[in-house]
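Raw data18.cif, mmCIF, C-alpha atoms:
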data_coords
#
loop_
_atom_site.group_PDB
_atom_site.id
_atom_site.type_symbol
_atom_site.label_atom_id
_atom_site.label_comp_id
_atom_site.auth_asym_id
_atom_site.auth_seq_id
_atom_site.Cartn_x
_atom_site.Cartn_y
_atom_site.Cartn_z
ATOM 1 C CA MET A 1 19.437 -3.434 -6.206
ATOM 2 C CA SER A 2 20.401 -3.012 -9.784
ATOM 3 C CA LYS A 3 21.078 -6.475 -11.047
ATOM 4 C CA TYR A 4 20.525 -5.758 -14.678
ATOM 5 C CA VAL A 5 22.483 -2.544 -14.967
ATOM 6 C CA ASN A 6 25.568 -2.302 -12.819
ATOM 7 C CA LEU A 7 25.856 1.313 -11.760
ATOM 8 C CA GLY A 8 28.718 2.047 -9.428
ATOM 9 C CA ASN A 9 28.117 1.230 -5.803
ATOM 10 C CA SER A 10 25.034 -0.929 -6.271
ATOM 11 C CA GLN A 11 27.107 -4.057 -5.743
ATOM 12 C CA THR A 12 27.552 -3.213 -2.063
ATOM 13 C CA ASN A 13 23.827 -2.842 -1.606
ATOM 14 C CA GLY A 14 23.252 -6.165 -3.299
ATOM 15 C CA ASN A 15 25.572 -7.848 -0.833
ATOM 16 C CA LEU A 16 23.890 -6.099 2.084
ATOM 17 C CA ALA A 17 20.465 -7.205 0.920
ATOM 18 C CA THR A 18 21.720 -10.748 0.502
ATOM 19 C CA ALA A 19 23.115 -10.743 4.026
ATOM 20 C CA GLY A 20 19.844 -9.353 5.393
ATOM 21 C CA GLY A 21 17.849 -11.924 3.489
ATOM 22 C CA LEU A 22 19.969 -14.808 4.729
ATOM 23 C CA LEU A 23 19.797 -13.596 8.331
ATOM 24 C CA GLY A 24 16.057 -13.289 7.990
ATOM 25 C CA GLY A 25 15.820 -16.740 6.458
ATOM 26 C CA ALA A 26 17.665 -18.307 9.374
ATOM 27 C CA SER A 27 15.476 -16.567 11.956
ATOM 28 C CA GLY A 28 12.334 -17.416 10.027
ATOM 29 C CA VAL A 29 13.210 -21.091 9.947
ATOM 30 C CA MET A 30 13.910 -21.010 13.682
ATOM 31 C CA ASN A 31 10.555 -19.362 14.229
ATOM 32 C CA GLU A 32 8.630 -21.985 12.282
ATOM 33 C CA LEU A 33 10.522 -24.849 13.923
ATOM 34 C CA SER A 34 9.722 -23.610 17.428
ATOM 35 C CA ILE A 35 6.027 -23.476 16.508
ATOM 36 C CA VAL A 36 6.091 -27.064 15.257
ATOM 37 C CA LYS A 37 7.970 -28.222 18.341
ATOM 38 C CA PHE A 38 5.507 -26.587 20.682
ATOM 39 C CA HIS A 39 2.431 -27.940 18.963
ATOM 40 C CA ASN A 40 3.863 -31.438 19.080
ATOM 41 C CA ALA A 41 4.572 -31.097 22.787
ATOM 42 C CA ALA A 42 1.009 -30.035 23.682
ATOM 43 C CA PRO A 43 -1.275 -32.942 24.684
ATOM 44 C CA VAL A 44 -4.420 -33.145 22.557
ATOM 45 C CA GLY A 45 -7.637 -32.086 24.209
ATOM 46 C CA SER A 46 -6.262 -30.685 27.418
ATOM 47 C CA PHE A 47 -5.296 -27.246 26.183
ATOM 48 C CA ALA A 48 -4.020 -25.423 23.164
ATOM 49 C CA VAL A 49 -1.993 -22.337 22.462
ATOM 50 C CA ASN A 50 -3.234 -20.261 19.592
ATOM 51 C CA TYR A 51 -1.005 -19.897 16.586
ATOM 52 C CA ASN A 52 -0.384 -16.279 17.442
ATOM 53 C CA GLY A 53 0.913 -17.212 20.879
ATOM 54 C CA SER A 54 -2.081 -16.239 23.017
ATOM 55 C CA LEU A 55 -2.862 -18.661 25.831
ATOM 56 C CA ARG A 56 -6.252 -20.084 24.888
ATOM 57 C CA TYR A 57 -5.838 -23.158 27.099
ATOM 58 C CA TRP A 58 -5.813 -20.984 30.194
ATOM 59 C CA SER A 59 -9.388 -19.701 29.914
ATOM 60 C CA GLU A 60 -10.701 -22.978 28.541
ATOM 61 C CA SER A 61 -9.310 -24.952 31.413
ATOM 62 C CA PHE A 62 -10.938 -22.577 33.886
ATOM 63 C CA ASN A 63 -14.315 -22.683 32.149
ATOM 64 C CA GLY A 64 -14.269 -26.389 31.526
ATOM 65 C CA GLY A 65 -13.221 -27.198 35.046
ATOM 66 C CA THR A 66 -10.275 -29.258 33.870
ATOM 67 C CA ARG A 67 -7.714 -27.159 35.645
ATOM 68 C CA ALA A 68 -6.851 -29.949 38.081
ATOM 69 C CA ASN A 69 -5.911 -32.236 35.215
ATOM 70 C CA ILE A 70 -3.097 -29.990 34.060
ATOM 71 C CA SER A 71 -0.022 -30.053 36.221
ATOM 72 C CA SER A 72 1.308 -26.640 37.085
ATOM 73 C CA SER A 73 4.753 -27.507 35.740
ATOM 74 C CA PHE A 74 3.194 -28.228 32.380
ATOM 75 C CA VAL A 75 1.439 -24.866 32.406
ATOM 76 C CA GLN A 76 4.744 -23.198 33.215
ATOM 77 C CA THR A 77 6.392 -25.040 30.314
ATOM 78 C CA ALA A 78 3.611 -23.923 28.022
ATOM 79 C CA LYS A 79 4.014 -20.329 29.143
ATOM 80 C CA GLY A 80 7.743 -20.535 28.577
ATOM 81 C CA SER A 81 7.228 -21.986 25.123
ATOM 82 C CA SER A 82 4.756 -19.277 24.296
ATOM 83 C CA ASN A 83 7.280 -16.642 25.341
ATOM 84 C CA SER A 84 10.030 -18.208 23.263
ATOM 85 C CA LEU A 85 7.575 -18.403 20.385
ATOM 86 C CA LYS A 86 7.020 -14.676 20.725
ATOM 87 C CA LEU A 87 10.740 -14.051 20.891
ATOM 88 C CA ALA A 88 11.363 -16.112 17.759
ATOM 89 C CA SER A 89 8.585 -14.276 15.963
ATOM 90 C CA LYS A 90 10.065 -10.975 17.082
ATOM 91 C CA LEU A 91 13.459 -12.013 15.702
ATOM 92 C CA GLY A 92 11.915 -13.134 12.432
ATOM 93 C CA SER A 93 9.903 -9.930 12.085
ATOM 94 C CA HIS A 94 12.919 -7.765 12.778
ATOM 95 C CA ALA A 95 15.005 -9.712 10.282
ATOM 96 C CA SER A 96 12.254 -9.218 7.737
ATOM 97 C CA LEU A 97 12.207 -5.521 8.635
ATOM 98 C CA VAL A 98 15.964 -5.232 8.068
ATOM 99 C CA GLY A 99 15.594 -6.945 4.702
ATOM 100 C CA SER A 100 12.826 -4.513 3.704
ATOM 101 C CA TYR A 101 14.880 -1.553 4.906
ATOM 102 C CA VAL A 102 17.840 -2.522 2.754
ATOM 103 C CA GLY A 103 15.508 -3.320 -0.131
ATOM 104 C CA TYR A 104 13.886 0.108 0.129
ATOM 105 C CA TYR A 105 17.300 1.754 0.117
ATOM 106 C CA GLY A 106 18.218 -0.272 -2.958
ATOM 107 C CA ALA A 107 15.067 0.855 -4.752
ATOM 108 C CA VAL A 108 15.854 4.491 -4.004
ATOM 109 C CA ASP A 109 19.451 3.905 -5.102
ATOM 110 C CA ASN A 110 18.139 2.847 -8.501
ATOM 111 C CA LEU A 111 16.121 6.059 -8.612
ATOM 112 C CA ILE A 112 19.229 8.166 -7.945
ATOM 113 C CA ASN A 113 21.045 6.404 -10.759
ATOM 114 C CA GLY A 114 18.225 7.203 -13.176
ATOM 115 C CA ASP A 115 16.955 3.640 -13.473
ATOM 116 C CA TYR A 116 13.272 4.457 -13.014
ATOM 117 C CA TYR A 117 11.948 1.126 -14.189
ATOM 118 C CA GLY A 118 14.365 -0.676 -11.882
ATOM 119 C CA ALA A 119 13.326 1.496 -8.954
ATOM 120 C CA ALA A 120 9.626 0.825 -9.544
ATOM 121 C CA ARG A 121 10.269 -2.884 -9.872
ATOM 122 C CA GLU A 122 12.359 -3.023 -6.695
ATOM 123 C CA GLY A 123 9.871 -0.914 -4.775
ATOM 124 C CA VAL A 124 6.912 -3.066 -5.726
ATOM 125 C CA ALA A 125 8.835 -6.283 -5.042
ATOM 126 C CA ASN A 126 9.910 -4.935 -1.676
ATOM 127 C CA ARG A 127 6.375 -3.948 -0.760
ATOM 128 C CA TYR A 128 5.191 -7.414 -1.787
ATOM 129 C CA GLY A 129 7.815 -8.957 0.507
ATOM 130 C CA ILE A 130 6.504 -6.976 3.478
ATOM 131 C CA TYR A 131 2.956 -7.940 2.542
ATOM 132 C CA LEU A 132 3.907 -11.625 2.461
ATOM 133 C CA ALA A 133 5.749 -11.390 5.789
ATOM 134 C CA SER A 134 2.665 -9.822 7.341
ATOM 135 C CA SER A 135 -0.049 -11.988 5.804
ATOM 136 C CA LYS A 136 1.633 -15.354 5.230
ATOM 137 C CA GLY A 137 4.237 -15.323 8.021
ATOM 138 C CA ASN A 138 7.848 -14.272 8.153
ATOM 139 C CA LEU A 139 9.120 -17.448 6.516
ATOM 140 C CA VAL A 140 7.206 -16.816 3.300
ATOM 141 C CA GLY A 141 8.122 -13.135 3.236
ATOM 142 C CA ILE A 142 11.781 -13.869 3.795
ATOM 143 C CA GLY A 143 11.647 -16.649 1.214
ATOM 144 C CA TRP A 144 10.416 -14.084 -1.291
ATOM 145 C CA THR A 145 13.224 -11.711 -0.302
ATOM 146 C CA ILE A 146 15.851 -14.432 -0.745
ATOM 147 C CA GLY A 147 14.301 -15.491 -4.050
ATOM 148 C CA TRP A 148 14.216 -11.924 -5.283
ATOM 149 C CA ASN A 149 17.686 -10.968 -4.086
ATOM 150 C CA ILE A 150 19.625 -14.123 -4.914
ATOM 151 C CA LEU A 151 17.795 -16.452 -7.278
ATOM 152 C CA GLY A 152 16.397 -13.645 -9.457
ATOM 153 C CA PRO A 153 19.751 -12.049 -10.339
ATOM 154 C CA MET A 154 21.360 -15.477 -10.672
ATOM 155 C CA THR A 155 18.817 -16.373 -13.336
ATOM 156 C CA THR A 156 18.760 -13.074 -15.168
ATOM 157 C CA ASN A 157 22.560 -12.831 -15.241
ATOM 158 C CA SER A 158 22.958 -16.349 -16.557
ATOM 159 C CA GLU A 159 24.140 -16.967 -20.074
ATOM 160 C CA LEU A 160 21.275 -19.279 -20.984
ATOM 161 C CA TYR A 161 18.560 -16.804 -19.928
ATOM 162 C CA ASN A 162 20.043 -13.890 -21.850
ATOM 163 C CA ARG A 163 20.765 -16.031 -24.870
ATOM 164 C CA ILE A 164 17.208 -17.305 -25.041
ATOM 165 C CA PHE A 165 15.398 -14.057 -24.299
ATOM 166 C CA PHE A 166 17.588 -11.485 -26.028
ATOM 167 C CA GLY A 167 19.649 -13.400 -28.543
ATOM 168 C CA LYS A 168 23.347 -13.577 -29.218
ATOM 169 C CA TYR A 169 23.621 -10.249 -31.043
ATOM 170 C CA SER A 170 21.607 -8.117 -28.631
ATOM 171 C CA ALA A 171 23.335 -5.255 -26.831
ATOM 172 C CA ILE A 172 22.442 -6.596 -23.392
ATOM 173 C CA TYR A 173 23.865 -10.023 -24.174
ATOM 174 C CA GLN A 174 27.089 -8.596 -25.567
ATOM 175 C CA ASP A 175 27.478 -6.273 -22.598
ATOM 176 C CA LEU A 176 27.107 -9.164 -20.162
ATOM 177 C CA GLU A 177 29.382 -11.242 -22.372
ATOM 178 C CA ARG A 178 32.147 -8.669 -22.002
ATOM 179 C CA LYS A 179 31.600 -8.407 -18.243
ATOM 180 C CA ASN A 180 31.385 -12.099 -17.490
ATOM 181 C CA GLY A 181 33.806 -13.438 -20.074
ATOM 182 C CA TRP A 182 31.358 -15.728 -21.832
ATOM 183 C CA TYR A 183 33.706 -15.916 -24.816
ATOM 184 C CA GLU A 184 35.310 -18.910 -23.169
ATOM 185 C CA SER A 185 31.977 -20.490 -22.353
ATOM 186 C CA LYS A 186 31.585 -24.073 -23.475
ATOM 187 C CA ILE A 187 27.777 -24.042 -23.448
ATOM 188 C CA PHE A 188 27.166 -22.451 -26.818
ATOM 189 C CA LYS A 189 30.179 -23.071 -28.957
ATOM 190 C CA ASP A 190 29.150 -22.266 -32.483
ATOM 191 C CA MET B 1 -7.490 29.087 3.673
ATOM 192 C CA VAL B 2 -4.154 27.371 3.060
ATOM 193 C CA GLY B 3 -3.969 26.374 6.698
ATOM 194 C CA MET B 4 -7.397 24.800 6.494
ATOM 195 C CA LYS B 5 -6.411 22.806 3.462
ATOM 196 C CA VAL B 6 -3.297 21.475 5.159
ATOM 197 C CA LYS B 7 -5.319 20.482 8.215
ATOM 198 C CA PHE B 8 -7.867 18.725 6.004
ATOM 199 C CA LEU B 9 -5.108 16.783 4.216
ATOM 200 C CA LYS B 10 -3.411 15.857 7.483
ATOM 201 C CA ILE B 11 -6.568 14.432 9.001
ATOM 202 C CA ASN B 12 -7.283 12.334 5.938
ATOM 203 C CA ILE B 13 -3.784 10.921 5.702
ATOM 204 C CA MET B 14 -3.782 10.035 9.406
ATOM 205 C CA LYS B 15 -7.100 8.287 8.873
ATOM 206 C CA ILE B 16 -5.648 6.239 6.004
ATOM 207 C CA TYR B 17 -2.774 5.126 8.233
ATOM 208 C CA LYS B 18 -5.264 4.095 10.897
ATOM 209 C CA TYR B 19 -7.224 2.082 8.328
ATOM 210 C CA ILE B 20 -3.977 0.435 7.220
ATOM 211 C CA TYR B 21 -3.124 -0.321 10.848
ATOM 212 C CA TYR B 22 -6.485 -1.994 11.452
ATOM 213 C CA TYR B 23 -6.394 -4.025 8.235
ATOM 214 C CA SER B 24 -2.809 -5.211 8.449
ATOM 215 C CA PHE B 25 -2.918 -5.888 12.172
ATOM 216 C CA LEU B 26 -5.823 -8.289 11.612
ATOM 217 C CA GLN B 27 -3.972 -9.840 8.686
ATOM 218 C CA SER B 28 -0.695 -10.129 10.565
ATOM 219 C CA SER B 29 -2.126 -11.493 13.818
ATOM 220 C CA ARG B 30 -3.319 -14.609 12.000
ATOM 221 C CA LYS B 31 0.239 -15.644 11.246
ATOM 222 C CA ASN B 32 2.644 -13.787 13.511
ATOM 223 C CA ALA B 33 3.030 -14.183 17.256
ATOM 224 C CA VAL B 34 4.060 -10.524 17.438
ATOM 225 C CA PRO B 35 1.874 -8.858 14.787
ATOM 226 C CA GLU B 36 2.846 -5.238 15.514
ATOM 227 C CA ILE B 37 6.327 -5.274 13.977
ATOM 228 C CA ALA B 38 5.165 -6.169 10.462
ATOM 229 C CA VAL B 39 2.459 -3.498 10.722
ATOM 230 C CA TYR B 40 4.890 -0.813 11.904
ATOM 231 C CA SER B 41 7.330 -1.631 9.118
ATOM 232 C CA LEU B 42 4.563 -1.553 6.520
ATOM 233 C CA LEU B 43 3.355 1.802 7.844
ATOM 234 C CA SER B 44 6.806 3.362 8.102
ATOM 235 C CA PHE B 45 7.775 2.506 4.514
ATOM 236 C CA THR B 46 4.443 3.820 3.245
ATOM 237 C CA GLN B 47 4.914 7.031 5.226
ATOM 238 C CA THR B 48 8.466 7.450 3.937
ATOM 239 C CA SER B 49 7.186 7.092 0.379
ATOM 240 C CA ASN B 50 4.453 9.650 1.022
ATOM 241 C CA LEU B 51 6.963 12.066 2.528
ATOM 242 C CA ILE B 52 9.262 11.799 -0.495
ATOM 243 C CA THR B 53 6.295 12.210 -2.851
ATOM 244 C CA LEU B 54 5.170 15.365 -1.029
ATOM 245 C CA LEU B 55 8.713 16.735 -1.095
ATOM 246 C CA ASN B 56 9.001 16.075 -4.821
ATOM 247 C CA ILE B 57 5.639 17.720 -5.506
ATOM 248 C CA VAL B 58 6.697 20.786 -3.525
ATOM 249 C CA LEU B 59 9.962 20.930 -5.472
ATOM 250 C CA ILE B 60 8.135 20.544 -8.794
ATOM 251 C CA ILE B 61 5.625 23.287 -7.970
ATOM 252 C CA THR B 62 8.188 25.738 -6.606
ATOM 253 C CA LYS B 63 10.657 24.844 -9.392
ATOM 254 C CA ILE B 64 13.565 24.806 -6.953
ATOM 255 C CA ASP B 65 16.380 22.946 -8.630
ATOM 256 C CA ILE B 66 18.490 21.504 -5.854
ATOM 257 C CA TYR B 67 20.321 18.226 -5.691
ATOM 258 C CA TYR B 68 19.111 16.433 -2.612
ATOM 259 C CA ASP B 69 20.237 12.927 -1.772
ATOM 260 C CA LEU B 70 17.179 10.693 -1.635
ATOM 261 C CA ARG B 71 19.260 7.914 -0.115
ATOM 262 C CA ILE B 72 19.701 9.846 3.115
ATOM 263 C CA ILE B 73 15.920 10.194 3.417
ATOM 264 C CA ALA B 74 15.543 6.495 2.616
ATOM 265 C CA LEU B 75 18.000 5.662 5.397
ATOM 266 C CA VAL B 76 16.745 8.013 8.097
ATOM 267 C CA ALA B 77 13.003 8.400 7.512
ATOM 268 C CA PRO B 78 11.951 4.728 7.955
ATOM 269 C CA ILE B 79 13.701 4.583 11.340
ATOM 270 C CA VAL B 80 12.134 7.854 12.476
ATOM 271 C CA PHE B 81 8.680 6.788 11.280
ATOM 272 C CA TYR B 82 9.119 3.378 12.889
ATOM 273 C CA ALA B 83 9.874 5.063 16.196
ATOM 274 C CA VAL B 84 6.911 7.422 15.785
ATOM 275 C CA ASN B 85 4.553 4.564 14.929
ATOM 276 C CA TYR B 86 5.877 2.510 17.811
ATOM 277 C CA TYR B 87 5.278 5.428 20.157
ATOM 278 C CA TYR B 88 1.870 6.412 18.760
ATOM 279 C CA PHE B 89 0.283 2.976 18.263
ATOM 280 C CA GLY B 90 2.203 0.946 20.831
ATOM 281 C CA LYS B 91 3.308 3.069 23.781
ATOM 282 C CA ARG B 92 0.376 5.449 23.845
ATOM 283 C CA GLY B 93 -2.073 2.609 23.278
ATOM 284 C CA ASN B 94 -3.803 4.087 20.243
ATOM 285 C CA GLY B 95 -3.364 0.781 18.424
ATOM 286 C CA ALA B 96 -5.504 -1.096 20.938
ATOM 287 C CA ILE B 97 -8.211 1.595 20.669
ATOM 288 C CA ILE B 98 -8.198 1.295 16.868
ATOM 289 C CA MET B 99 -8.429 -2.494 17.017
ATOM 290 C CA LYS B 100 -11.563 -2.271 19.194
ATOM 291 C CA ASP B 101 -13.234 0.137 16.758
ATOM 292 C CA GLN B 102 -15.150 -1.816 14.123
ATOM 293 C CA SER B 103 -15.656 1.306 12.002
ATOM 294 C CA TYR B 104 -12.037 1.017 10.810
ATOM 295 C CA SER B 105 -12.943 -2.134 8.914
ATOM 296 C CA LEU B 106 -13.335 -1.377 5.213
ATOM 297 C CA GLY B 107 -14.790 -4.782 4.336
ATOM 298 C CA LYS B 108 -14.640 -5.511 0.655
ATOM 299 C CA TYR B 109 -12.911 -2.201 -0.064
ATOM 300 C CA SER B 110 -9.838 -3.269 1.914
ATOM 301 C CA PHE B 111 -7.968 -3.915 -1.319
ATOM 302 C CA LEU B 112 -7.831 -0.128 -1.774
ATOM 303 C CA LEU B 113 -5.356 -0.026 1.114
ATOM 304 C CA GLU B 114 -3.131 -2.463 -0.781
ATOM 305 C CA VAL B 115 -3.455 -0.279 -3.863
ATOM 306 C CA PHE B 116 -2.474 2.740 -1.774
ATOM 307 C CA GLY B 117 0.568 0.878 -0.428
ATOM 308 C CA TYR B 118 1.873 -0.058 -3.865
ATOM 309 C CA ALA B 119 0.927 3.251 -5.430
ATOM 310 C CA SER B 120 2.791 5.234 -2.776
ATOM 311 C CA PHE B 121 6.156 3.949 -3.976
ATOM 312 C CA LEU B 122 5.203 4.212 -7.638
ATOM 313 C CA LEU B 123 4.297 7.842 -6.956
ATOM 314 C CA VAL B 124 7.785 8.379 -5.538
ATOM 315 C CA VAL B 125 9.252 7.099 -8.799
ATOM 316 C CA LEU B 126 6.856 9.144 -10.922
ATOM 317 C CA THR B 127 7.346 12.428 -9.058
ATOM 318 C CA TYR B 128 11.122 11.992 -8.906
ATOM 319 C CA TYR B 129 11.133 11.305 -12.641
ATOM 320 C CA LEU B 130 9.067 14.431 -13.308
ATOM 321 C CA TYR B 131 11.322 16.479 -11.038
ATOM 322 C CA LYS B 132 14.574 15.270 -12.577
ATOM 323 C CA GLU B 133 13.689 14.990 -16.249
ATOM 324 C CA PHE B 134 11.561 18.097 -16.828
#
Could you render the structure as structure tokens?
Amino acid sequence: MSKYVNLGNSQTNGNLATAGGLLGGASGVMNELSIVKFHNAAPVGSFAVNYNGSLRYWSESFNGGTRANISSSFVQTAKGSSNSLKLASKLGSHASLVGSYVGYYGAVDNLINGDYYGAAREGVANRYGIYLASSKGNLVGIGWTIGWNILGPMTTNSELYNRIFFGKYSAIYQDLERKNGWYESKIFKD
Amino acid sequence: MVGMKVKFLKINIMKIYKYIYYYSFLQSSRKNAVPEIAVYSLLSFTQTSNLITLLNIVLIITKIDIYYDLRIIALVAPIVFYAVNYYYFGKRGNGAIIMKDQSYSLGKYSFLLEVFGYASFLLVVLTYYLYKEF
């Protein structure tokens, strides 16, 4: 989204991306929590479920001959947990996908408005978010999306940031000053 | 001759997508319980970017000056490509065949797939810039 140059309808897209990011964040946290819960519930040494949800304990218990030691109800619980783990991961991945979809649209929106640098920046950041969601888990990817969509613009639109990096008499500072009414600001009273 | 060239290009691009599928599926399955979704989304955004790049190149070469709304492509194409990828790799089982085939592993050259992923969107920006500004 265009955070630096406000061009018409880009505000709507910013809000959409924020909503997508927050939704994704919530699902991602749920996903991670269910993993932690399941690993704590599994007794050490008897069986284990792989991080990606595959049932490793099943084959091990057959090969090791320890099948009798595991009660069938426990196996059922484990299977149920594994399924809910998959469901949570599915939710997280889809939330991440929605965030990327909106982010991609925002990047193209910049392109339409003639902000080529902004489009390239958004596109690369969006691609990096998908990469993180795929390689480091949905939580990290969504964290990046939230950071990029919310914390980034908050910082770069702040008075302090623009004052330090561009100076009081720069065009960008004065433009933001007019938009945000920093005349009344108490931070830098000369 | 032209037909041959198109066929040649098509085969190579499909192969790149298969390499990306293999690489990112392995990467994703380490962390995600359902690794396919991240891979499909990665593929569909890359394919959308490639489609827009091709369209821009065609428009630049033919010098057709039309106003087309990129945003509509950005809204529709990822969904269509997601469905196509889901059908091709998931439903038809081509994904499982690719994952069994070790020859899709690029080893230390896997970073080239990352480069391709980032470059595909940068190419969209570059070609759109060339189309609009010149």
Name the residues captured by the PyMOL selection byres ((chain A) within 10 of (chain B)) when it is applied to the shown file; answer as a ChimeraX atom specification.
/A:31,35,50-54,82-83,85-94,96-98,100-102,104-112,114-128,130-138
Between CA of Phe81 (chain B) and CA of Tyr67 (chain B), what is the distance in Å, rounded to a tenth?
23.5 Å
Residue members of the PyMOL selection byres ((chain B and resi 105) around 8) in the file shown, as a PyMOL selection string:
chain B and resi 19+22-23+102-104+106-107+110
Ref. answer, residues at most 12 Å from (3.7, 18.7, -3.5) with all atoms listed in the file, as a list in words
Val6, Leu9, Asn50, Leu51, Ile52, Thr53, Leu54, Leu55, Asn56, Ile57, Val58, Leu59, Ile60, Ile61, Thr62, Lys63, Leu123, Val124, Thr127, Tyr128, Leu130 and Tyr131 of chain B
In file coordinates, which residues lie within 12 Å of (24.3, -6.5, -23.0) using all atoms listed in the file, given as a PyMOL selection string?
chain A and resi 4-6+156-159+162-163+165-180+182
